[in-house]
Amino acid sequence: MTTHILRHAETHYSRQYLVNGDPTRPVPLSKDGLLSCGLVWHTLPLRQVSTWLSSEFPRARQTASRLMGVPEPGPIVDPQLNELDYGDFEGGPFLKYASWLEQHGGRRRPPGARESQREGIKRMLKGLQAAVEHPSPRVIVCHGLLVSVLHWYRERSAGDSMPLFFPEAPYAQPISFEDEDLLRCVKSLLSEIAAEPDSISEPRCDAEKTRAEPEPDVATFDRVNHPHAQRDLPDA
């Protein structure tokens, strides 16, 4: 019983490092994103898939439909798999949200948002739990944060606590779990989030000390370096 989980293909928003946590805002796949969907046929036995699931965002549903190879019926849509609600940061550069997140931590809701980063991750993990109830094999098309968290979980060292920023999740490249492993992963991550203190933001002095060191990519959204990185990113 297997679940293949992947991030949607590229959009013009993700190419520009802009956040979109509002499913009513139409952000379709880019031309390159559409073309890349064909590559997944070389990495997954898509014809054997029994259940297709996606978030309710157009880019996720469009990716799933392209992989399915037929326009109808579409994938099962589960809002639990949705992207984060970015609140007042909606449509803006990821680095603005990332700077706020570093200062306030993952348990605090951004201005205008209905959820914090940690609340969003919990919601997504519960979506994975629910997906296991559907016939296998399954393909889930979701967003970068969830896939990044799963990659981090697999690659973490013993004793590592969940960070605020995660390695980038590649577009439309699956990470696969057997049911037992997926449920164990979800249970472990939910327990870890529940055990976190109310404030998990790092002291500013610690962040300053690490500026001169190589800085990891972050994937709460897209291919963006650590918030302290000096980059000229385009606006909308």
# chains A, B, ... in the order shown; residues from 1 in each chain; ligands from 1
$ closest_atom_pairs --of "range 72-134 of chain A" --to "range 144-160 of chain A" --cutoff "8 Å" --atoms "only C-alpha atoms" --output "CSV"
residue,atom,partner,partner_atom,distance
A:Glu83,CA,A:Leu145,CA,7.7
A:Ile121,CA,A:Leu146,CA,6.8
A:Met124,CA,A:Leu146,CA,6.7
A:Leu125,CA,A:Leu146,CA,7.7
$ residues_around --residues "Gly91 in chain A" --least-positions-apart "5" --cutoff "12 Å" --atoms "only C-alpha atoms" --output "list in words"
His12, Tyr13, Ser14, Gln16, Tyr17, Leu18, Val19, Asn20, Gly21, Asp22, Pro23, Arg25, Pro26, Val27, Asp85, Tyr86, Lys96, Tyr97, Phe221, Pro234, Asp235 and Ala236 of chain A
$ atom_distance --atom1 "CA of Val186 in chain A" --atom2 "CA of Ala64 in chain A"
22.7 Å
$ atom_distance --atom1 "CA of Pro75 in chain A" --atom2 "CA of Ser54 in chain A"
6.2 Å
$ select_by_dssp --residues "range 12-201 of chain A" --states "helix (DSSP H, G or I)" --output "PyMOL selection string"
chain A and resi 12-15+31-42+46-48+58-68+79-81+87-89+94-104+117-131+144-155+179-195
$ closest_residue --among "A:Cys37, A:Ala113, A:Met68, A:Leu84" --to "Leu53 in chain A" --atoms "only C-alpha atoms"
A:Met68
$ closest_residue --among "A:Pro170, A:Gly87, A:Pro197, A:Pro45" --to "Glu10 in chain A" --atoms "only C-alpha atoms"
A:Pro170
$ select_by_dssp --residues "range 2-226 of chain A" --states "strand (DSSP E)" --output "list in words"
Thr2, Thr3, His4, Ile5, Leu6, Arg7, Thr51, Trp52, Leu53, Ser54, Ile76, Val77, Arg138, Val139, Ile140, Val141, Cys142, Ile175, Ser176, Phe177, Glu178, Asp217, Val218, Val224 and Asn225 of chain A
$ write_last_selection --atoms "N, CA, C and O atoms" --output "tab-separated table (two decimals), in the first residue's frame"
chain	number	residue	atom	x	y	z
A	2	THR	N	0.92	1.96	-1.11
A	2	THR	CA	1.91	3.01	-1.31
A	2	THR	C	1.25	4.35	-1.62
A	2	THR	O	0.23	4.41	-2.32
A	3	THR	N	1.85	5.42	-1.09
A	3	THR	CA	1.42	6.78	-1.40
A	3	THR	C	2.60	7.55	-1.98
A	3	THR	O	3.68	7.58	-1.37
A	4	HIS	N	2.40	8.16	-3.14
A	4	HIS	CA	3.40	9.00	-3.78
A	4	HIS	C	2.97	10.46	-3.60
A	4	HIS	O	1.86	10.83	-4.01
A	5	ILE	N	3.82	11.26	-2.98
A	5	ILE	CA	3.47	12.64	-2.63
A	5	ILE	C	4.39	13.57	-3.39
A	5	ILE	O	5.62	13.40	-3.36
A	6	LEU	N	3.84	14.56	-4.08
A	6	LEU	CA	4.67	15.47	-4.85
A	6	LEU	C	4.14	16.88	-4.84
A	6	LEU	O	2.95	17.11	-4.67
A	7	ARG	N	5.06	17.79	-5.00
A	7	ARG	CA	4.73	19.20	-5.13
A	7	ARG	C	4.21	19.46	-6.54
A	7	ARG	O	4.62	18.80	-7.49
A	51	THR	N	-5.96	6.01	-6.71
A	51	THR	CA	-6.56	7.22	-6.14
A	51	THR	C	-5.65	8.42	-6.39
A	51	THR	O	-4.45	8.37	-6.13
A	52	TRP	N	-6.27	9.49	-6.89
A	52	TRP	CA	-5.58	10.76	-7.10
A	52	TRP	C	-6.17	11.79	-6.15
A	52	TRP	O	-7.39	11.95	-6.09
A	53	LEU	N	-5.32	12.48	-5.43
A	53	LEU	CA	-5.77	13.52	-4.52
A	53	LEU	C	-4.95	14.79	-4.75
A	53	LEU	O	-3.79	14.73	-5.16
A	54	SER	N	-5.56	15.94	-4.45
A	54	SER	CA	-4.84	17.19	-4.56
A	54	SER	C	-5.43	18.20	-3.59
A	54	SER	O	-6.52	18.00	-3.04
A	76	ILE	N	-9.53	13.73	-6.33
A	76	ILE	CA	-10.25	14.05	-5.10
A	76	ILE	C	-9.58	15.28	-4.48
A	76	ILE	O	-8.36	15.30	-4.31
A	77	VAL	N	-10.36	16.29	-4.17
A	77	VAL	CA	-9.82	17.54	-3.64
A	77	VAL	C	-9.99	17.56	-2.13
A	77	VAL	O	-11.10	17.40	-1.62
A	138	ARG	N	-1.68	5.49	-4.36
A	138	ARG	CA	-2.24	6.83	-4.37
A	138	ARG	C	-1.18	7.83	-4.83
A	138	ARG	O	0.00	7.65	-4.57
A	139	VAL	N	-1.63	8.89	-5.47
A	139	VAL	CA	-0.78	10.04	-5.77
A	139	VAL	C	-1.42	11.26	-5.15
A	139	VAL	O	-2.61	11.53	-5.35
A	140	ILE	N	-0.63	12.00	-4.36
A	140	ILE	CA	-1.10	13.24	-3.74
A	140	ILE	C	-0.30	14.40	-4.31
A	140	ILE	O	0.94	14.40	-4.24
A	141	VAL	N	-0.99	15.38	-4.88
A	141	VAL	CA	-0.34	16.59	-5.39
A	141	VAL	C	-0.64	17.72	-4.41
A	141	VAL	O	-1.80	18.09	-4.20
A	142	CYS	N	0.42	18.23	-3.79
A	142	CYS	CA	0.24	19.25	-2.75
A	142	CYS	C	1.22	20.39	-2.99
A	142	CYS	O	1.45	20.77	-4.14
A	175	ILE	N	7.94	11.77	-3.51
A	175	ILE	CA	8.54	11.07	-2.38
A	175	ILE	C	7.50	10.02	-1.97
A	175	ILE	O	6.32	10.32	-1.84
A	176	SER	N	7.93	8.78	-1.81
A	176	SER	CA	6.99	7.67	-1.66
A	176	SER	C	7.11	7.02	-0.29
A	176	SER	O	8.21	6.90	0.27
A	177	PHE	N	5.96	6.59	0.23
A	177	PHE	CA	5.88	5.96	1.54
A	177	PHE	C	4.96	4.74	1.47
A	177	PHE	O	3.90	4.80	0.83
A	178	GLU	N	5.35	3.68	2.16
A	178	GLU	CA	4.40	2.62	2.46
A	178	GLU	C	3.51	3.11	3.60
A	178	GLU	O	3.90	3.97	4.39
A	217	ASP	N	18.68	26.52	1.64
A	217	ASP	CA	17.45	26.95	0.99
A	217	ASP	C	16.29	26.74	1.96
A	217	ASP	O	16.35	25.91	2.84
A	218	VAL	N	15.21	27.49	1.75
A	218	VAL	CA	14.02	27.30	2.54
A	218	VAL	C	12.88	26.98	1.60
A	218	VAL	O	12.85	27.44	0.48
A	224	VAL	N	13.99	29.88	-2.46
A	224	VAL	CA	14.44	31.13	-1.88
A	224	VAL	C	15.49	30.82	-0.84
A	224	VAL	O	15.37	29.85	-0.10
A	225	ASN	N	16.53	31.62	-0.75
A	225	ASN	CA	17.52	31.41	0.28
A	225	ASN	C	17.03	31.92	1.61
A	225	ASN	O	15.96	32.50	1.73
$ residues_around --residues "Val40 in chain A" --least-positions-apart "2" --cutoff "8 Å" --atoms "only C-alpha atoms" --output "PyMOL selection string"
chain A and resi 36-38+42-44+67+172-173
$ closest_residue --among "A:Leu35, A:Ala195, A:Leu164, A:Ala130" --to "Leu183 in chain A" --atoms "only C-alpha atoms"
A:Ala130
$ atom_distance --atom1 "CA of Pro28 in chain A" --atom2 "CA of Pro73 in chain A"
18.7 Å
$ closest_residue --among "A:Met162, A:Ala60, A:Met1, A:Ala131" --to "Gly106 in chain A" --atoms "only C-alpha atoms"
A:Met162
$ closest_residue --among "A:Arg15, A:Leu29, A:Asp78, A:Pro163" --to "Arg118 in chain A" --atoms "only C-alpha atoms"
A:Pro163
$ closest_residue --among "A:Leu182, A:Leu34, A:Val132, A:Ile193" --to "Gln117 in chain A" --atoms "only C-alpha atoms"
A:Ile193
